Amino acid sequence: MSVHNWSKDVFDAVKARGISTVATIPDGGLTDFLLMCGGDAETRVVTLTTEEEGIGIAAGLWLGGQRGMIAMQSSGVGNCINALGLPAALRSPCLMLVTMRGQWGEFNPWQVPMGQATQSVLEAVGVKCFPVDQAEDVGETFGAAADMAFFGGFACAVLVSQRVIGAKGFGR
Amino acid sequence: MSGNYLDRRSLTADVLGRREGALVVPGLGSPTWDCFAAGGSDDYLYSWGGMGLALPTALGVAIARPARRVMCLTGDGELMMGLGSLSVVGAQAPGNLSVLVLDNEHFGETGRQPGLAGTTDLCAMAMAAGFRRSMLVTAMDQVPALCSMLFEEAGPVLAVAKIALSKDELTLPEKDGAIIARRFQEAAARA
């Protein structure tokens with residue numbers, strides 16, 4: 001596991017682009033990033049009950065003139081699929097930061113089906129996917145995805161590999 | 001259904017006529033047709049899909065435009081597909097957000113199958129989720145008090161209007177989401 005602080009890189013990219021709301025269902029891999037967001041007076045963290053709510057909130061923010069994003073675990077991607085028709089129809093930006101499960105060194109078989117399907121199902125509904133498996137590349141990739149989303153009106157997802165965040169082991 | 005059920009088109013026309021510049025995020029289907037039937041406006045974000053997303057979308061607009069009143073106008077089934085959104089709104093506590101549920105206790109758009117709002121108290125659920133006030137509307141003479149709550153009181157507030165299961169004239173607005181979004185963005189940007 002790399003010691004490079006990719007969470008800080010992503011947070012810096014969020015700030016540099018004026019993204020003021022981060023809607024989320026947390027994931028272990030997002031802990032540091034969400035701490036930075038929560039500790040920043042200018043960043044609103046919106047805790048969700050299901051990830052698809054974040055798709056609506058991000059669209060509403062854009063309609064009102066602000067920028068938002070959604071941060072979630074890959075299992076939450078499955079909850080978003082029908083909702084992703086909204087930004088597609090409105091041609092509104094939709095920026096997703098997804099930390100992966102069920103992928104690199106996963107010990108929990110219940111996580112594997114959705115983890116393996118994450119990129120396929122996102123692409124099936126038209127989301128541009130940016131998988132990253134090196135910590136040093138996450139920040140730059142996130143920035144590129146954000147620019148494509150906000151300037152082009154696309155749905156873009158950055159998929160952060162378990163290779164970057166470290167596979168969960170529960171002390172096994 | 002029995003008892004005092006309101007005519008949805010009369011109710012929505014009355015409420016929208018008193019909205020005083022509020023932006024409106026209608027749910028897909030009938031509430032969207034109602035908005036267009038009431039005269040249409042760039043202030044309405046017409047919806048043709050994304051069931052369950054009307055309230056989260058309205059929340060996003062309310063956060064981004066704190067100086068504007070934002071009303072989510074949706075159906076009982078649409079709201080109940082995203083009931084968790086009540087908790088999200090309760091936690092964010094936007095003072096400029098209101099919700100009006102047009103509740104016919106059925107899935108009117110798909111063949112009038114019974115829904116779940118006949119046995120679930122949506123007003124109580126909103127209050128339990130942290131809304132400031134809720135109101136059950138069963139008579140047209142409640143409309144002034146309803147509009148005072150929806151458009152003047154500090155939010156988040158939610159009203160449930162019990163409406164008749166009716167077959168109304170189809171009045172279909174713009175369908176191109178990019179056009180709807182652009183018009184709404186410009187309307188939202190006006191002071």
# chains A, B, ... in the order shown; residues from 1 in each chain; ligands from 1
>>> select_by_dssp(residues="segment 93-169 of chain B", states="strand (DSSP E or B)", output="VMD selection string")
chain B and resid 97 to 103 106 to 107 113 to 114 133 to 137 157 to 163
>>> residues_around(residues="Gly29 of chain A", least_positions_apart="2", cutoff="10 Å", atoms="only C-alpha atoms", output="MDAnalysis selection string")
chainID A and resid 7 26:27 31:34 72:73 98:101 160:162 164:168
>>> write_last_selection(atoms="N, CA and C atoms", output="CSV table (one decimal), in the first residue's frame")
chain,number,residue,atom,x,y,z
A,7,SER,N,-5.8,11.3,-1.0
A,7,SER,CA,-7.0,11.9,-0.5
A,7,SER,C,-6.8,13.5,-0.5
A,26,PRO,N,-20.5,7.0,3.2
A,26,PRO,CA,-19.0,6.9,3.4
A,26,PRO,C,-18.6,5.4,3.0
A,27,ASP,N,-17.2,5.4,2.8
A,27,ASP,CA,-16.6,4.1,2.7
A,27,ASP,C,-15.2,4.2,3.4
A,31,THR,N,-12.3,7.7,4.1
A,31,THR,CA,-12.3,8.3,5.5
A,31,THR,C,-11.5,9.6,5.5
A,32,ASP,N,-10.2,9.6,4.9
A,32,ASP,CA,-9.4,10.8,5.0
A,32,ASP,C,-10.0,12.0,4.2
A,33,PHE,N,-10.5,11.6,3.0
A,33,PHE,CA,-11.1,12.7,2.2
A,33,PHE,C,-12.3,13.3,2.8
A,34,LEU,N,-13.1,12.5,3.4
A,34,LEU,CA,-14.3,13.0,4.1
A,34,LEU,C,-14.0,13.8,5.3
A,72,MET,N,-18.6,7.6,-2.9
A,72,MET,CA,-19.3,6.4,-2.5
A,72,MET,C,-18.3,5.2,-2.7
A,73,GLN,N,-18.8,4.1,-2.1
A,73,GLN,CA,-18.1,2.8,-2.3
A,73,GLN,C,-18.7,2.2,-3.6
A,98,VAL,N,-15.4,7.0,-6.6
A,98,VAL,CA,-15.8,5.7,-6.2
A,98,VAL,C,-14.6,4.9,-5.7
A,99,THR,N,-14.7,4.5,-4.4
A,99,THR,CA,-13.6,3.6,-3.9
A,99,THR,C,-14.1,2.2,-4.1
A,100,MET,N,-13.2,1.3,-4.6
A,100,MET,CA,-13.5,0.0,-5.0
A,100,MET,C,-13.5,-1.0,-3.9
A,101,ARG,N,-14.4,-2.0,-4.0
A,101,ARG,CA,-14.4,-3.2,-3.3
A,101,ARG,C,-14.6,-4.4,-4.3
A,160,VAL,N,-11.3,4.3,-7.8
A,160,VAL,CA,-10.0,4.2,-7.1
A,160,VAL,C,-9.9,2.7,-6.6
A,161,SER,N,-8.8,2.1,-7.2
A,161,SER,CA,-8.6,0.6,-7.0
A,161,SER,C,-8.4,0.3,-5.5
A,162,GLN,N,-8.8,-0.9,-5.1
A,162,GLN,CA,-8.4,-1.4,-3.8
A,162,GLN,C,-6.9,-1.5,-3.7
A,164,VAL,N,-5.0,0.8,-4.3
A,164,VAL,CA,-4.6,2.1,-3.8
A,164,VAL,C,-5.0,2.2,-2.3
A,165,ILE,N,-6.2,1.9,-2.0
A,165,ILE,CA,-6.8,2.1,-0.7
A,165,ILE,C,-6.4,1.0,0.3
A,166,GLY,N,-6.0,-0.2,-0.3
A,166,GLY,CA,-5.7,-1.3,0.6
A,166,GLY,C,-6.9,-2.2,0.8
A,167,ALA,N,-6.7,-3.5,0.6
A,167,ALA,CA,-7.9,-4.4,0.7
A,167,ALA,C,-8.2,-4.5,2.2
A,168,LYS,N,-9.5,-4.5,2.5
A,168,LYS,CA,-9.9,-4.6,3.9
A,168,LYS,C,-9.7,-6.1,4.4
>>> interface_residues(of="chain A", to="chain B", cutoff="9 Å", atoms="only C-alpha atoms", output="short mmCIF file (atom, residue, chain, number, x, y, z; two decimals) with N, CA and C atoms, in the first residue's frame")
data_model
loop_
_atom_site.label_atom_id
_atom_site.label_comp_id
_atom_site.auth_asym_id
_atom_site.auth_seq_id
_atom_site.Cartn_x
_atom_site.Cartn_y
_atom_site.Cartn_z
N VAL A 46 -23.08 16.35 2.57
CA VAL A 46 -24.47 15.92 2.65
C VAL A 46 -24.48 14.39 2.78
N THR A 47 -24.84 13.93 3.96
CA THR A 47 -24.91 12.49 4.19
C THR A 47 -26.23 11.97 3.63
N LEU A 48 -26.15 10.90 2.86
CA LEU A 48 -27.30 10.35 2.14
C LEU A 48 -27.83 9.09 2.82
N THR A 49 -29.01 8.65 2.40
CA THR A 49 -29.47 7.33 2.84
C THR A 49 -29.22 6.29 1.75
N THR A 50 -29.15 6.75 0.50
CA THR A 50 -28.78 5.87 -0.61
C THR A 50 -28.10 6.74 -1.66
N GLU A 52 -28.13 7.13 -4.79
CA GLU A 52 -28.84 7.76 -5.91
C GLU A 52 -29.33 9.16 -5.55
N GLU A 53 -29.59 9.39 -4.27
CA GLU A 53 -29.99 10.75 -3.87
C GLU A 53 -28.93 11.76 -4.28
N GLY A 54 -27.68 11.34 -4.21
CA GLY A 54 -26.59 12.25 -4.57
C GLY A 54 -26.63 12.66 -6.03
N ILE A 55 -27.14 11.77 -6.89
CA ILE A 55 -27.25 12.09 -8.32
C ILE A 55 -28.25 13.24 -8.50
N GLY A 56 -29.37 13.17 -7.79
CA GLY A 56 -30.35 14.25 -7.86
C GLY A 56 -29.82 15.54 -7.27
N ILE A 57 -29.15 15.43 -6.13
CA ILE A 57 -28.62 16.63 -5.47
C ILE A 57 -27.60 17.33 -6.36
N ALA A 58 -26.71 16.55 -6.98
CA ALA A 58 -25.69 17.14 -7.85
C ALA A 58 -26.33 17.86 -9.03
N ALA A 59 -27.39 17.27 -9.59
CA ALA A 59 -28.09 17.92 -10.71
C ALA A 59 -28.74 19.22 -10.23
N GLY A 60 -29.39 19.17 -9.06
CA GLY A 60 -30.04 20.36 -8.51
C GLY A 60 -29.05 21.48 -8.23
N LEU A 61 -27.89 21.12 -7.70
CA LEU A 61 -26.86 22.13 -7.42
C LEU A 61 -26.44 22.83 -8.71
N TRP A 62 -26.21 22.04 -9.74
CA TRP A 62 -25.79 22.60 -11.03
C TRP A 62 -26.89 23.50 -11.60
N LEU A 63 -28.14 23.06 -11.49
CA LEU A 63 -29.25 23.89 -11.97
C LEU A 63 -29.29 25.22 -11.23
N GLY A 64 -28.89 25.19 -9.95
CA GLY A 64 -28.88 26.41 -9.15
C GLY A 64 -27.58 27.20 -9.23
N GLY A 65 -26.61 26.69 -10.00
CA GLY A 65 -25.38 27.46 -10.20
C GLY A 65 -24.22 27.06 -9.32
N GLN A 66 -24.28 25.91 -8.66
CA GLN A 66 -23.16 25.45 -7.85
C GLN A 66 -22.66 24.09 -8.35
N ARG A 67 -21.50 23.70 -7.81
CA ARG A 67 -20.92 22.42 -8.18
C ARG A 67 -20.94 21.45 -7.00
N GLY A 68 -21.34 20.23 -7.29
CA GLY A 68 -21.32 19.18 -6.28
C GLY A 68 -20.72 17.91 -6.83
N ASN A 82 -30.54 3.73 -12.38
CA ASN A 82 -31.68 4.43 -12.99
C ASN A 82 -31.55 5.94 -12.81
N ALA A 83 -31.04 6.34 -11.64
CA ALA A 83 -30.89 7.78 -11.36
C ALA A 83 -29.96 8.45 -12.36
N LEU A 84 -29.00 7.69 -12.91
CA LEU A 84 -28.04 8.30 -13.84
C LEU A 84 -28.69 8.72 -15.16
N GLY A 85 -29.94 8.32 -15.36
CA GLY A 85 -30.68 8.84 -16.50
C GLY A 85 -30.97 10.34 -16.37
N LEU A 86 -30.99 10.84 -15.13
CA LEU A 86 -31.29 12.26 -14.92
C LEU A 86 -30.20 13.18 -15.49
N PRO A 87 -28.94 13.03 -15.06
CA PRO A 87 -27.92 13.89 -15.67
C PRO A 87 -27.77 13.66 -17.17
N ALA A 88 -28.03 12.41 -17.62
CA ALA A 88 -27.94 12.16 -19.06
C ALA A 88 -29.00 12.97 -19.80
N ALA A 89 -30.21 13.02 -19.25
CA ALA A 89 -31.30 13.76 -19.91
C ALA A 89 -31.07 15.26 -19.85
N LEU A 90 -30.61 15.74 -18.70
CA LEU A 90 -30.40 17.18 -18.53
C LEU A 90 -29.10 17.65 -19.16
N ARG A 91 -28.24 16.69 -19.50
CA ARG A 91 -26.85 16.96 -19.91
C ARG A 91 -26.14 17.79 -18.85
N SER A 92 -26.34 17.37 -17.60
CA SER A 92 -25.73 18.07 -16.47
C SER A 92 -24.51 17.30 -15.98
#
>>> residues_around(residues="Cys156 of chain A", least_positions_apart="6", cutoff="7 Å", atoms="only C-alpha atoms", output="NGL selection string")
:A and (94-96 or 127-129 or 145 or 149)
>>> residues_around(residues="Trp110 of chain A", least_positions_apart="5", cutoff="12 Å", atoms="only C-alpha atoms", output="ChimeraX atom specification")
/A:75,101-103,115-116
